[in-house]
Amino acid sequence: MASIETRTGPRGTSYKVVWYDDAGRKKSKTWHNQTQADAWRRLIESVRGDEARAIQHLARQASQAPTVEKVATHRLGLLRGTDFSRQTYESYMRNHIGPALGDWPVDTVGEDDCRRFVIALERKKLSPKYITNICGWLVSIFRHAEERGWRQGVPMKPGMLPEVTRSDADEADMFLTLAEAEAIIARMPERHRDPAGLMLATGLRPSEMRALTVGDAYLDVQQPVVRVTKAIKQNREKGSYVGPPKSKRAVRSLGIPPSVVAMLRPHVAGRRSDEYLFPDGHGSWLPESTFYQAFTAGVGRARAEGLLAKNPSPYSLRHTHASLMLDAGMDLWKLSRHMGHGSQQVTENVYAHLMPDAHYQAAAFAQKALES
């Protein structure tokens, strides 16, 4: 509890607010107005003696800057992104950022506040990757405010975030040998084997495979290809829909070998170009959950037969294709274009460790340079 000591002197009456902080240290602050002293006493009690928080509270009251919530709304209004991305950011605001910082003027959020915010997210047992995603959106809000003169600097620093690491087990599940992938596909329900086989042969994303139509398969040209121009997108409110691929570079043509051409012919024969290449029972696109369950069934059977010790997801077919391409000699730049990554850096981050020859070549170049 805080108390007020009234003192009268030659310069008039003053009001000294006395309190103790969490460490038991005696603190005080003098006011020349009893109303201000009473307000400070109530405030310092509400923050349990934390003077820094009390001062920050006063700064928030005096600030003319928009709140974090209002800046986020302004940022969302100018955002070029998918409905799913927009709804994801809205969920970050609704569930995490809003309750903690939403009503704060954006120019009053400091580094310590950001540290406390990250710690609070960790105490919720959220994954490091999810925390990093939430804080990435918060950083974009601060930068948006800085660009418009509503605050100076970005208080959220990279060092505040938990380290996002991929365990050896996670990485092992990402990549399969060709024999492991073929064992899984052979044990999937029959109608799902060809979609999985096409993913393994081309590196298609599951969402891209599910959106393919008959007209996307060019089987009777000099170099047969599958053309990627769309993907099944997610909307948290309206459900799935057909939209553009993940990035501009994801629009691409993927060469297919003769064995895959032969596999696809029954899927295109006598069908309209706008029909889905791998439809569900009603002629619509193949549901994500249906293909996932089929793949999981194949994994379970392969594991039961002792042919697989890993626990991969359908996306592992894409990663496995990339590893096979690198093993066959494709360089990272070509692989990046082939996989439809937004940049070569993405490719390097995921697959560079699969190129041990690059280290040997670097060592050989270094030796040659030293010898000269």
# chains A, B, ... in the order shown; residues from 1 in each chain; ligands from 1

$ residues_around --residues "Arg151 in chain A" --least-positions-apart "6" --cutoff "8 Å" --atoms "only C-alpha atoms" --output "VMD selection string"
chain A and resid 65 106 to 107 142 145

$ write_last_selection --atoms "N, CA, C and O atoms" --output "compact mmCIF listing (two decimals), in the first residue's frame"
# COMPACT_ATOMS: atom_id res chain seq x y z
N ALA A 65 -0.63 8.87 -30.45
CA ALA A 65 -0.46 7.88 -31.52
C ALA A 65 -1.61 6.88 -31.50
O ALA A 65 -2.22 6.63 -30.46
N VAL A 106 0.83 2.89 -30.03
CA VAL A 106 1.92 2.13 -30.64
C VAL A 106 3.29 2.69 -30.28
O VAL A 106 4.28 1.96 -30.28
N ASP A 107 3.37 3.99 -29.97
CA ASP A 107 4.67 4.59 -29.65
C ASP A 107 5.10 4.37 -28.21
O ASP A 107 6.18 4.80 -27.80
N PHE A 142 4.84 -2.63 -36.16
CA PHE A 142 5.75 -1.57 -35.73
C PHE A 142 6.38 -0.85 -36.93
O PHE A 142 6.50 0.38 -36.94
N ALA A 145 3.93 1.43 -38.52
CA ALA A 145 3.77 2.65 -37.72
C ALA A 145 4.97 3.57 -37.90
O ALA A 145 4.82 4.80 -38.00

$ residues_around --residues "range 215-227 of chain A" --least-positions-apart "6" --cutoff "8 Å" --atoms "only C-alpha atoms" --output "compact mmCIF listing (two decimals) with all heavy atoms, in the first residue's frame"
# COMPACT_ATOMS: atom_id res chain seq x y z
N VAL A 251 4.26 -20.72 -60.51
CA VAL A 251 3.64 -20.99 -61.82
C VAL A 251 4.74 -21.53 -62.72
O VAL A 251 5.69 -20.81 -63.05
CB VAL A 251 3.02 -19.72 -62.42
CG1 VAL A 251 2.46 -20.00 -63.80
CG2 VAL A 251 1.94 -19.17 -61.50
N ARG A 252 4.62 -22.79 -63.11
CA ARG A 252 5.74 -23.42 -63.80
C ARG A 252 5.27 -24.65 -64.55
O ARG A 252 4.15 -25.13 -64.35
CB ARG A 252 6.84 -23.82 -62.80
CG ARG A 252 6.37 -24.87 -61.78
CD ARG A 252 7.25 -24.82 -60.52
NE ARG A 252 6.99 -25.95 -59.62
CZ ARG A 252 5.97 -26.00 -58.77
NH1 ARG A 252 5.09 -25.02 -58.72
NH2 ARG A 252 5.83 -27.05 -57.97
N SER A 253 6.16 -25.16 -65.43
CA SER A 253 5.91 -26.42 -66.14
C SER A 253 6.90 -27.45 -65.63
O SER A 253 8.09 -27.16 -65.50
CB SER A 253 6.08 -26.23 -67.65
OG SER A 253 5.09 -25.37 -68.17
N LEU A 254 6.41 -28.65 -65.34
CA LEU A 254 7.24 -29.71 -64.79
C LEU A 254 7.32 -30.85 -65.79
O LEU A 254 6.31 -31.46 -66.15
CB LEU A 254 6.65 -30.22 -63.47
CG LEU A 254 6.53 -29.17 -62.36
CD1 LEU A 254 5.75 -29.73 -61.18
CD2 LEU A 254 7.91 -28.71 -61.90
N GLY A 255 8.52 -31.11 -66.26
CA GLY A 255 8.71 -32.21 -67.19
C GLY A 255 8.43 -33.55 -66.53
O GLY A 255 8.74 -33.75 -65.35
N ILE A 256 7.82 -34.45 -67.28
CA ILE A 256 7.49 -35.77 -66.72
C ILE A 256 8.08 -36.85 -67.62
O ILE A 256 8.08 -36.74 -68.85
CB ILE A 256 5.96 -35.96 -66.57
CG1 ILE A 256 5.23 -35.61 -67.87
CG2 ILE A 256 5.44 -35.10 -65.43
CD1 ILE A 256 3.74 -35.83 -67.81
N PRO A 257 8.59 -37.93 -67.02
CA PRO A 257 9.20 -39.02 -67.78
C PRO A 257 8.13 -39.91 -68.42
O PRO A 257 6.96 -39.85 -68.07
CB PRO A 257 10.01 -39.78 -66.73
CG PRO A 257 9.26 -39.54 -65.45
CD PRO A 257 8.72 -38.14 -65.56
N VAL A 261 3.96 -40.39 -67.97
CA VAL A 261 3.02 -40.13 -69.07
C VAL A 261 2.05 -41.31 -69.22
O VAL A 261 0.84 -41.13 -69.33
CB VAL A 261 3.79 -39.90 -70.39
CG1 VAL A 261 2.80 -39.82 -71.56
CG2 VAL A 261 4.62 -38.63 -70.31
N ARG A 265 -2.19 -41.26 -68.68
CA ARG A 265 -3.09 -41.37 -69.84
C ARG A 265 -4.50 -41.83 -69.47
O ARG A 265 -5.49 -41.26 -69.96
CB ARG A 265 -2.47 -42.28 -70.89
CG ARG A 265 -1.32 -41.62 -71.64
CD ARG A 265 -1.06 -42.26 -72.98
NE ARG A 265 0.05 -41.60 -73.67
CZ ARG A 265 -0.05 -40.47 -74.35
NH1 ARG A 265 -1.23 -39.88 -74.46
NH2 ARG A 265 1.01 -39.95 -74.95
N VAL A 268 -6.71 -38.93 -68.32
CA VAL A 268 -7.10 -37.85 -69.22
C VAL A 268 -7.95 -38.34 -70.39
O VAL A 268 -8.65 -37.53 -71.02
CB VAL A 268 -5.85 -37.11 -69.77
CG1 VAL A 268 -4.99 -36.59 -68.63
CG2 VAL A 268 -5.01 -38.01 -70.67
N ARG A 272 -13.04 -34.00 -70.21
CA ARG A 272 -12.95 -32.58 -70.54
C ARG A 272 -11.71 -31.97 -69.88
O ARG A 272 -11.28 -32.39 -68.81
CB ARG A 272 -14.19 -31.83 -70.05
CG ARG A 272 -15.50 -32.27 -70.67
CD ARG A 272 -16.59 -31.23 -70.38
NE ARG A 272 -16.55 -30.79 -68.99
CZ ARG A 272 -17.19 -31.37 -67.98
NH1 ARG A 272 -17.91 -32.48 -68.19
NH2 ARG A 272 -17.10 -30.89 -66.76
N SER A 273 -11.20 -30.93 -70.50
CA SER A 273 -9.98 -30.30 -70.00
C SER A 273 -10.18 -29.63 -68.64
O SER A 273 -9.23 -29.45 -67.89
CB SER A 273 -9.45 -29.28 -71.00
OG SER A 273 -10.39 -28.22 -71.19
N ASP A 274 -11.43 -29.25 -68.31
CA ASP A 274 -11.66 -28.54 -67.05
C ASP A 274 -12.00 -29.49 -65.89
O ASP A 274 -12.24 -29.04 -64.77
CB ASP A 274 -12.77 -27.50 -67.21
CG ASP A 274 -14.11 -28.13 -67.61
OD1 ASP A 274 -14.11 -29.32 -68.04
OD2 ASP A 274 -15.14 -27.44 -67.50
N GLU A 275 -12.03 -30.78 -66.14
CA GLU A 275 -12.28 -31.73 -65.06
C GLU A 275 -11.00 -31.90 -64.22
O GLU A 275 -9.89 -31.82 -64.75
CB GLU A 275 -12.71 -33.08 -65.62
CG GLU A 275 -14.06 -33.07 -66.31
CD GLU A 275 -14.47 -34.47 -66.75
OE1 GLU A 275 -14.65 -35.34 -65.88
OE2 GLU A 275 -14.59 -34.69 -67.98

$ atom_distance --atom1 "CA of Met156 in chain A" --atom2 "CA of Arg143 in chain A"
10.3 Å

$ closest_atom_pairs --of "range 273-321 of chain A" --to "range 174-177 of chain A" --cutoff "6 Å" --atoms "only C-alpha atoms" --output "CSV"
residue,atom,partner,partner_atom,distance
A:Ser316,CA,A:Met174,CA,4.9
A:His319,CA,A:Phe175,CA,5.8
A:Thr320,CA,A:Phe175,CA,5.0

$ write_last_selection --atoms "N, CA and C atoms" --output "short mmCIF file (atom, residue, chain, number, x, y, z; two decimals), in the first residue's frame"
data_model
loop_
_atom_site.label_atom_id
_atom_site.label_comp_id
_atom_site.auth_asym_id
_atom_site.auth_seq_id
_atom_site.Cartn_x
_atom_site.Cartn_y
_atom_site.Cartn_z
N SER A 316 6.44 -35.03 -47.57
CA SER A 316 7.72 -35.72 -47.70
C SER A 316 7.97 -36.20 -49.12
N HIS A 319 9.71 -33.29 -50.71
CA HIS A 319 11.10 -33.19 -50.24
C HIS A 319 11.95 -34.32 -50.81
N THR A 320 11.38 -35.51 -50.88
CA THR A 320 12.12 -36.65 -51.40
C THR A 320 12.45 -36.44 -52.88
#

$ residues_around --residues "range 40-51 of chain A" --least-positions-apart "4" --cutoff "6 Å" --atoms "only C-alpha atoms" --output "ChimeraX atom specification"
/A:2,20-21

$ write_last_selection --atoms "C-alpha atoms" --output "CSV table (one decimal), in the first residue's frame"
chain,number,residue,atom,x,y,z
A,2,ALA,CA,1.1,3.5,-0.7
A,20,TYR,CA,7.7,0.0,-1.5
A,21,ASP,CA,8.6,-1.9,-4.7

$ residues_around --residues "Ser284 in chain A" --least-positions-apart "3" --cutoff "12 Å" --atoms "only C-alpha atoms" --output "PyMOL selection string"
chain A and resi 210-213+232+240-242+274-281+287-288

$ write_last_selection --atoms "N, CA and C atoms" --output "compact mmCIF listing (two decimals), in the first residue's frame"
# COMPACT_ATOMS: atom_id res chain seq x y z
N ARG A 210 -3.68 -31.39 -56.06
CA ARG A 210 -5.12 -31.51 -55.92
C ARG A 210 -5.87 -30.58 -56.86
N ALA A 211 -5.24 -29.47 -57.29
CA ALA A 211 -5.89 -28.49 -58.17
C ALA A 211 -5.71 -28.79 -59.65
N LEU A 212 -4.90 -29.77 -60.00
CA LEU A 212 -4.64 -30.07 -61.41
C LEU A 212 -5.93 -30.47 -62.14
N THR A 213 -6.07 -29.96 -63.35
CA THR A 213 -7.17 -30.38 -64.21
C THR A 213 -6.60 -31.16 -65.40
N ILE A 232 -5.05 -25.39 -54.42
CA ILE A 232 -6.19 -25.32 -53.49
C ILE A 232 -5.75 -24.48 -52.30
N SER A 240 -12.09 -24.17 -48.36
CA SER A 240 -11.11 -24.24 -49.44
C SER A 240 -11.64 -23.64 -50.74
N TYR A 241 -10.72 -23.18 -51.58
CA TYR A 241 -11.09 -22.65 -52.88
C TYR A 241 -9.88 -22.76 -53.81
N VAL A 242 -10.11 -22.65 -55.11
CA VAL A 242 -9.03 -22.70 -56.09
C VAL A 242 -8.50 -21.28 -56.30
N ASP A 274 -11.43 -29.25 -68.31
CA ASP A 274 -11.66 -28.54 -67.05
C ASP A 274 -12.00 -29.49 -65.89
N GLU A 275 -12.03 -30.78 -66.14
CA GLU A 275 -12.28 -31.73 -65.06
C GLU A 275 -11.00 -31.90 -64.22
N TYR A 276 -11.20 -32.18 -62.95
CA TYR A 276 -10.04 -32.38 -62.08
C TYR A 276 -9.35 -33.68 -62.45
N LEU A 277 -8.02 -33.62 -62.48
CA LEU A 277 -7.23 -34.78 -62.88
C LEU A 277 -7.44 -35.93 -61.90
N PHE A 278 -7.49 -35.61 -60.59
CA PHE A 278 -7.70 -36.62 -59.55
C PHE A 278 -8.90 -36.18 -58.71
N PRO A 279 -10.11 -36.40 -59.19
CA PRO A 279 -11.30 -35.90 -58.49
C PRO A 279 -11.70 -36.78 -57.31
N ASP A 280 -12.57 -36.21 -56.49
CA ASP A 280 -13.19 -37.03 -55.46
C ASP A 280 -14.39 -37.76 -56.08
N GLY A 281 -15.19 -38.40 -55.27
CA GLY A 281 -16.31 -39.16 -55.80
C GLY A 281 -17.40 -38.34 -56.43
N PRO A 287 -10.16 -33.92 -51.54
CA PRO A 287 -10.01 -33.25 -50.25
C PRO A 287 -8.64 -33.54 -49.62
N GLU A 288 -8.12 -32.54 -48.95
CA GLU A 288 -6.82 -32.70 -48.30
C GLU A 288 -6.85 -33.83 -47.28

$ atom_distance --atom1 "CA of Ala262 in chain A" --atom2 "CA of Asp194 in chain A"
10.9 Å

$ select_by_dssp --residues "range 113-214 of chain A" --states "helix (DSSP H, G or I)" --output "PyMOL selection string"
chain A and resi 113-123+128-147+158-160+168-174+178-186+190-202+206-211+214

$ write_last_selection --atoms "C-alpha atoms" --output "CSV table (one decimal), in the first residue's frame"
chain,number,residue,atom,x,y,z
A,113,ASP,CA,7.3,-4.9,-23.1
A,114,CYS,CA,8.2,-7.1,-26.1
A,115,ARG,CA,10.3,-9.3,-24.0
A,116,ARG,CA,7.5,-9.8,-21.5
A,117,PHE,CA,5.1,-10.5,-24.4
A,118,VAL,CA,7.4,-13.3,-25.8
A,119,ILE,CA,7.8,-14.8,-22.3
A,120,ALA,CA,4.0,-14.8,-21.9
A,121,LEU,CA,3.7,-16.7,-25.2
A,122,GLU,CA,6.3,-19.2,-24.1
A,123,ARG,CA,4.4,-19.8,-20.9
A,128,PRO,CA,8.9,-21.6,-31.1
A,129,LYS,CA,7.9,-21.4,-34.8
A,130,TYR,CA,4.4,-20.2,-33.8
A,131,ILE,CA,5.8,-17.6,-31.5
A,132,THR,CA,8.1,-16.4,-34.2
A,133,ASN,CA,5.2,-16.1,-36.6
A,134,ILE,CA,3.1,-14.1,-34.1
A,135,CYS,CA,6.0,-11.8,-33.4
A,136,GLY,CA,6.8,-11.4,-37.1
A,137,TRP,CA,3.3,-9.9,-37.6
A,138,LEU,CA,3.9,-7.6,-34.6
A,139,VAL,CA,7.2,-6.4,-36.1
A,140,SER,CA,5.3,-5.6,-39.4
A,141,ILE,CA,2.9,-3.5,-37.3
A,142,PHE,CA,5.7,-1.6,-35.7
A,143,ARG,CA,7.4,-1.0,-39.1
A,144,HIS,CA,4.1,0.1,-40.6
A,145,ALA,CA,3.8,2.6,-37.7
A,146,GLU,CA,7.4,3.8,-38.1
A,147,GLU,CA,6.9,4.4,-41.9
A,158,PRO,CA,15.5,-11.0,-33.1
A,159,GLY,CA,17.4,-12.0,-29.9
A,160,MET,CA,14.1,-12.0,-28.0
A,168,ASP,CA,17.2,-34.8,-36.4
A,169,ALA,CA,14.1,-36.9,-36.1
A,170,ASP,CA,11.9,-34.2,-37.9
A,171,GLU,CA,14.5,-34.0,-40.7
A,172,ALA,CA,14.7,-37.7,-41.1
A,173,ASP,CA,10.9,-37.9,-41.5
A,174,MET,CA,11.1,-35.2,-44.2
A,178,LEU,CA,13.2,-44.0,-53.2
A,179,ALA,CA,12.5,-47.5,-51.9
A,180,GLU,CA,10.7,-46.1,-48.8
A,181,ALA,CA,8.6,-43.7,-50.9
A,182,GLU,CA,7.7,-46.5,-53.3
A,183,ALA,CA,6.8,-48.8,-50.4
A,184,ILE,CA,4.4,-46.3,-49.0
A,185,ILE,CA,2.7,-45.5,-52.4
A,186,ALA,CA,2.3,-49.2,-53.1
A,190,GLU,CA,-5.3,-47.9,-55.2
A,191,ARG,CA,-7.1,-44.7,-56.3
A,192,HIS,CA,-4.5,-42.6,-54.4
A,193,ARG,CA,-1.4,-44.2,-55.7
A,194,ASP,CA,-1.2,-42.2,-59.0
A,195,PRO,CA,-1.5,-38.8,-57.3
A,196,ALA,CA,1.2,-39.8,-54.9
A,197,GLY,CA,3.4,-41.1,-57.7
A,198,LEU,CA,3.0,-37.9,-59.6
A,199,MET,CA,4.1,-35.9,-56.5
A,200,LEU,CA,7.2,-38.1,-56.1
A,201,ALA,CA,8.0,-37.7,-59.9
A,202,THR,CA,7.6,-33.9,-60.0
A,206,PRO,CA,-0.1,-31.4,-52.3
A,207,SER,CA,-2.2,-28.3,-52.9
A,208,GLU,CA,-0.9,-28.0,-56.5
A,209,MET,CA,-1.6,-31.7,-57.2
A,210,ARG,CA,-5.1,-31.5,-55.9
A,211,ALA,CA,-5.9,-28.5,-58.2
A,214,VAL,CA,-7.1,-32.6,-67.3

$ residues_around --residues "Lys70 in chain A" --least-positions-apart "3" --cutoff "9 Å" --atoms "only C-alpha atoms" --output "tab-separated table (two decimals) with N, CA, C and O atoms, in the first residue's frame"
chain	number	residue	atom	x	y	z
A	66	PRO	N	-1.92	6.28	-32.65
A	66	PRO	CA	-2.96	5.24	-32.68
A	66	PRO	C	-2.53	4.01	-31.90
A	66	PRO	O	-1.33	3.78	-31.69
A	67	THR	N	-3.48	3.22	-31.48
A	67	THR	CA	-3.17	2.02	-30.72
A	67	THR	C	-2.60	0.93	-31.64
A	67	THR	O	-2.73	1.00	-32.87
A	73	THR	N	-5.11	-2.84	-37.92
A	73	THR	CA	-6.25	-2.75	-38.83
A	73	THR	C	-5.88	-1.97	-40.09
A	73	THR	O	-6.24	-2.35	-41.20
A	74	HIS	N	-5.13	-0.89	-39.90
A	74	HIS	CA	-4.67	-0.09	-41.04
A	74	HIS	C	-3.74	-0.91	-41.92
A	74	HIS	O	-3.83	-0.86	-43.16
A	75	ARG	N	-2.86	-1.66	-41.29
A	75	ARG	CA	-1.91	-2.52	-42.04
A	75	ARG	C	-2.66	-3.58	-42.84
A	75	ARG	O	-2.35	-3.85	-44.00
A	102	GLY	N	-3.02	-4.60	-27.47
A	102	GLY	CA	-3.91	-3.99	-28.45
A	102	GLY	C	-4.32	-2.57	-28.15
A	102	GLY	O	-4.41	-1.74	-29.06
A	103	ASP	N	-4.58	-2.22	-26.87
A	103	ASP	CA	-5.06	-0.88	-26.55
A	103	ASP	C	-3.93	0.08	-26.20
A	103	ASP	O	-4.18	1.20	-25.77
A	106	VAL	N	0.83	2.89	-30.03
A	106	VAL	CA	1.92	2.13	-30.64
A	106	VAL	C	3.29	2.69	-30.28
A	106	VAL	O	4.28	1.96	-30.28

$ atom_distance --atom1 "CA of Ala100 in chain A" --atom2 "CA of Ile55 in chain A"
17.8 Å

$ closest_residue --among "A:Gly243, A:Pro155, A:Gly81, A:Pro99" --to "Asp112 in chain A" --atoms "only C-alpha atoms"
A:Pro155

$ closest_residue --among "A:Lys246, A:Lys238, A:His57, A:Arg25" --to "Thr82 in chain A" --atoms "only C-alpha atoms"
A:Lys246

$ select_by_dssp --residues "range 92-265 of chain A" --states "strand (DSSP E or B)" --output "list in words"
Pro105, Thr213, Ala217, Tyr218, Val225, Val226, Arg227, Val228, Ala231, Ile232, Lys233, Tyr241, Val242, Gly243, Arg252, Ser253, Leu254 and Gly255 of chain A

$ write_last_selection --atoms "N, CA and C atoms" --output "short mmCIF file (atom, residue, chain, number, x, y, z; two decimals), in the first residue's frame"
data_model
loop_
_atom_site.label_atom_id
_atom_site.label_comp_id
_atom_site.auth_asym_id
_atom_site.auth_seq_id
_atom_site.Cartn_x
_atom_site.Cartn_y
_atom_site.Cartn_z
N PRO A 105 -1.06 2.75 -27.09
CA PRO A 105 -0.57 3.58 -28.19
C PRO A 105 0.71 2.96 -28.74
N THR A 213 -6.07 -29.96 -63.35
CA THR A 213 -7.17 -30.38 -64.21
C THR A 213 -6.60 -31.16 -65.40
N ALA A 217 -2.29 -31.36 -68.11
CA ALA A 217 -1.37 -32.44 -68.47
C ALA A 217 -1.16 -32.43 -69.98
N TYR A 218 0.04 -32.05 -70.41
CA TYR A 218 0.39 -32.01 -71.84
C TYR A 218 1.21 -33.26 -72.13
N VAL A 225 4.72 -32.38 -70.17
CA VAL A 225 4.82 -31.60 -68.94
C VAL A 225 3.47 -31.58 -68.23
N VAL A 226 3.54 -31.25 -66.95
CA VAL A 226 2.35 -30.89 -66.18
C VAL A 226 2.49 -29.41 -65.87
N ARG A 227 1.49 -28.63 -66.21
CA ARG A 227 1.53 -27.18 -66.03
C ARG A 227 0.88 -26.81 -64.71
N VAL A 228 1.60 -26.06 -63.86
CA VAL A 228 1.09 -25.64 -62.55
C VAL A 228 0.68 -24.18 -62.64
N ALA A 231 -3.70 -23.66 -57.27
CA ALA A 231 -3.56 -24.52 -56.09
C ALA A 231 -4.83 -24.41 -55.27
N ILE A 232 -5.05 -25.39 -54.42
CA ILE A 232 -6.19 -25.32 -53.49
C ILE A 232 -5.75 -24.48 -52.30
N LYS A 233 -6.44 -23.37 -52.09
CA LYS A 233 -6.11 -22.43 -51.02
C LYS A 233 -7.07 -22.63 -49.84
N TYR A 241 -10.72 -23.18 -51.58
CA TYR A 241 -11.09 -22.65 -52.88
C TYR A 241 -9.88 -22.76 -53.81
N VAL A 242 -10.11 -22.65 -55.11
CA VAL A 242 -9.03 -22.70 -56.09
C VAL A 242 -8.50 -21.28 -56.30
N GLY A 243 -7.19 -21.12 -56.15
CA GLY A 243 -6.56 -19.81 -56.31
C GLY A 243 -5.20 -19.95 -56.95
N ARG A 252 4.62 -22.79 -63.11
CA ARG A 252 5.74 -23.42 -63.80
C ARG A 252 5.27 -24.65 -64.55
N SER A 253 6.16 -25.16 -65.43
CA SER A 253 5.91 -26.42 -66.14
C SER A 253 6.90 -27.45 -65.63
N LEU A 254 6.41 -28.65 -65.34
CA LEU A 254 7.24 -29.71 -64.79
C LEU A 254 7.32 -30.85 -65.79
N GLY A 255 8.52 -31.11 -66.26
CA GLY A 255 8.71 -32.21 -67.19
C GLY A 255 8.43 -33.55 -66.53
#

$ decode --residues "range 207-274 of chain A" --atoms "C-alpha atoms" --output "mmCIF file, in the first residue's frame"
data_model
loop_
_atom_site.group_PDB
_atom_site.id
_atom_site.type_symbol
_atom_site.label_atom_id
_atom_site.label_comp_id
_atom_site.auth_asym_id
_atom_site.auth_seq_id
_atom_site.Cartn_x
_atom_site.Cartn_y
_atom_site.Cartn_z
ATOM 1 C CA SER A 207 -2.245 -28.292 -52.874
ATOM 2 C CA GLU A 208 -0.944 -28.040 -56.462
ATOM 3 C CA MET A 209 -1.551 -31.715 -57.177
ATOM 4 C CA ARG A 210 -5.124 -31.512 -55.916
ATOM 5 C CA ALA A 211 -5.894 -28.495 -58.167
ATOM 6 C CA LEU A 212 -4.642 -30.066 -61.409
ATOM 7 C CA THR A 213 -7.172 -30.383 -64.213
ATOM 8 C CA VAL A 214 -7.051 -32.625 -67.254
ATOM 9 C CA GLY A 215 -5.986 -29.674 -69.402
ATOM 10 C CA ASP A 216 -2.881 -29.158 -67.260
ATOM 11 C CA ALA A 217 -1.373 -32.444 -68.470
ATOM 12 C CA TYR A 218 0.395 -32.012 -71.838
ATOM 13 C CA LEU A 219 1.171 -35.610 -72.737
ATOM 14 C CA ASP A 220 1.452 -35.472 -76.541
ATOM 15 C CA VAL A 221 4.153 -32.838 -76.961
ATOM 16 C CA GLN A 222 7.874 -33.347 -77.576
ATOM 17 C CA GLN A 223 8.597 -32.978 -73.852
ATOM 18 C CA PRO A 224 5.477 -33.920 -71.858
ATOM 19 C CA VAL A 225 4.815 -31.600 -68.936
ATOM 20 C CA VAL A 226 2.353 -30.891 -66.177
ATOM 21 C CA ARG A 227 1.533 -27.183 -66.034
ATOM 22 C CA VAL A 228 1.095 -25.637 -62.551
ATOM 23 C CA THR A 229 -1.121 -22.534 -62.610
ATOM 24 C CA LYS A 230 -3.315 -22.943 -59.527
ATOM 25 C CA ALA A 231 -3.560 -24.517 -56.093
ATOM 26 C CA ILE A 232 -6.187 -25.320 -53.491
ATOM 27 C CA LYS A 233 -6.115 -22.426 -51.024
ATOM 28 C CA GLN A 234 -7.487 -22.183 -47.498
ATOM 29 C CA ASN A 235 -10.006 -19.700 -46.160
ATOM 30 C CA ARG A 236 -10.720 -19.918 -42.430
ATOM 31 C CA GLU A 237 -14.262 -18.594 -42.916
ATOM 32 C CA LYS A 238 -15.411 -20.001 -46.271
ATOM 33 C CA GLY A 239 -13.296 -23.139 -46.530
ATOM 34 C CA SER A 240 -11.107 -24.242 -49.440
ATOM 35 C CA TYR A 241 -11.087 -22.648 -52.885
ATOM 36 C CA VAL A 242 -9.027 -22.695 -56.094
ATOM 37 C CA GLY A 243 -6.564 -19.814 -56.308
ATOM 38 C CA PRO A 244 -3.092 -18.927 -57.596
ATOM 39 C CA PRO A 245 -0.062 -20.945 -56.463
ATOM 40 C CA LYS A 246 2.066 -19.939 -53.494
ATOM 41 C CA SER A 247 4.176 -17.384 -55.428
ATOM 42 C CA LYS A 248 4.728 -16.098 -58.965
ATOM 43 C CA ARG A 249 7.625 -18.521 -59.366
ATOM 44 C CA ALA A 250 5.314 -21.369 -58.409
ATOM 45 C CA VAL A 251 3.638 -20.991 -61.815
ATOM 46 C CA ARG A 252 5.741 -23.423 -63.800
ATOM 47 C CA SER A 253 5.912 -26.418 -66.141
ATOM 48 C CA LEU A 254 7.237 -29.713 -64.788
ATOM 49 C CA GLY A 255 8.715 -32.212 -67.190
ATOM 50 C CA ILE A 256 7.492 -35.770 -66.719
ATOM 51 C CA PRO A 257 9.204 -39.016 -67.782
ATOM 52 C CA PRO A 258 7.596 -41.616 -70.077
ATOM 53 C CA SER A 259 6.549 -43.832 -67.162
ATOM 54 C CA VAL A 260 4.522 -40.982 -65.665
ATOM 55 C CA VAL A 261 3.017 -40.134 -69.070
ATOM 56 C CA ALA A 262 1.784 -43.710 -69.311
ATOM 57 C CA MET A 263 0.426 -43.520 -65.775
ATOM 58 C CA LEU A 264 -1.527 -40.313 -66.527
ATOM 59 C CA ARG A 265 -3.092 -41.368 -69.842
ATOM 60 C CA PRO A 266 -6.045 -43.231 -68.261
ATOM 61 C CA HIS A 267 -6.762 -40.126 -66.170
ATOM 62 C CA VAL A 268 -7.096 -37.854 -69.221
ATOM 63 C CA ALA A 269 -8.598 -40.165 -71.843
ATOM 64 C CA GLY A 270 -12.100 -39.056 -72.936
ATOM 65 C CA ARG A 271 -12.377 -36.343 -70.290
ATOM 66 C CA ARG A 272 -12.952 -32.580 -70.538
ATOM 67 C CA SER A 273 -9.981 -30.304 -69.998
ATOM 68 C CA ASP A 274 -11.660 -28.540 -67.053
#
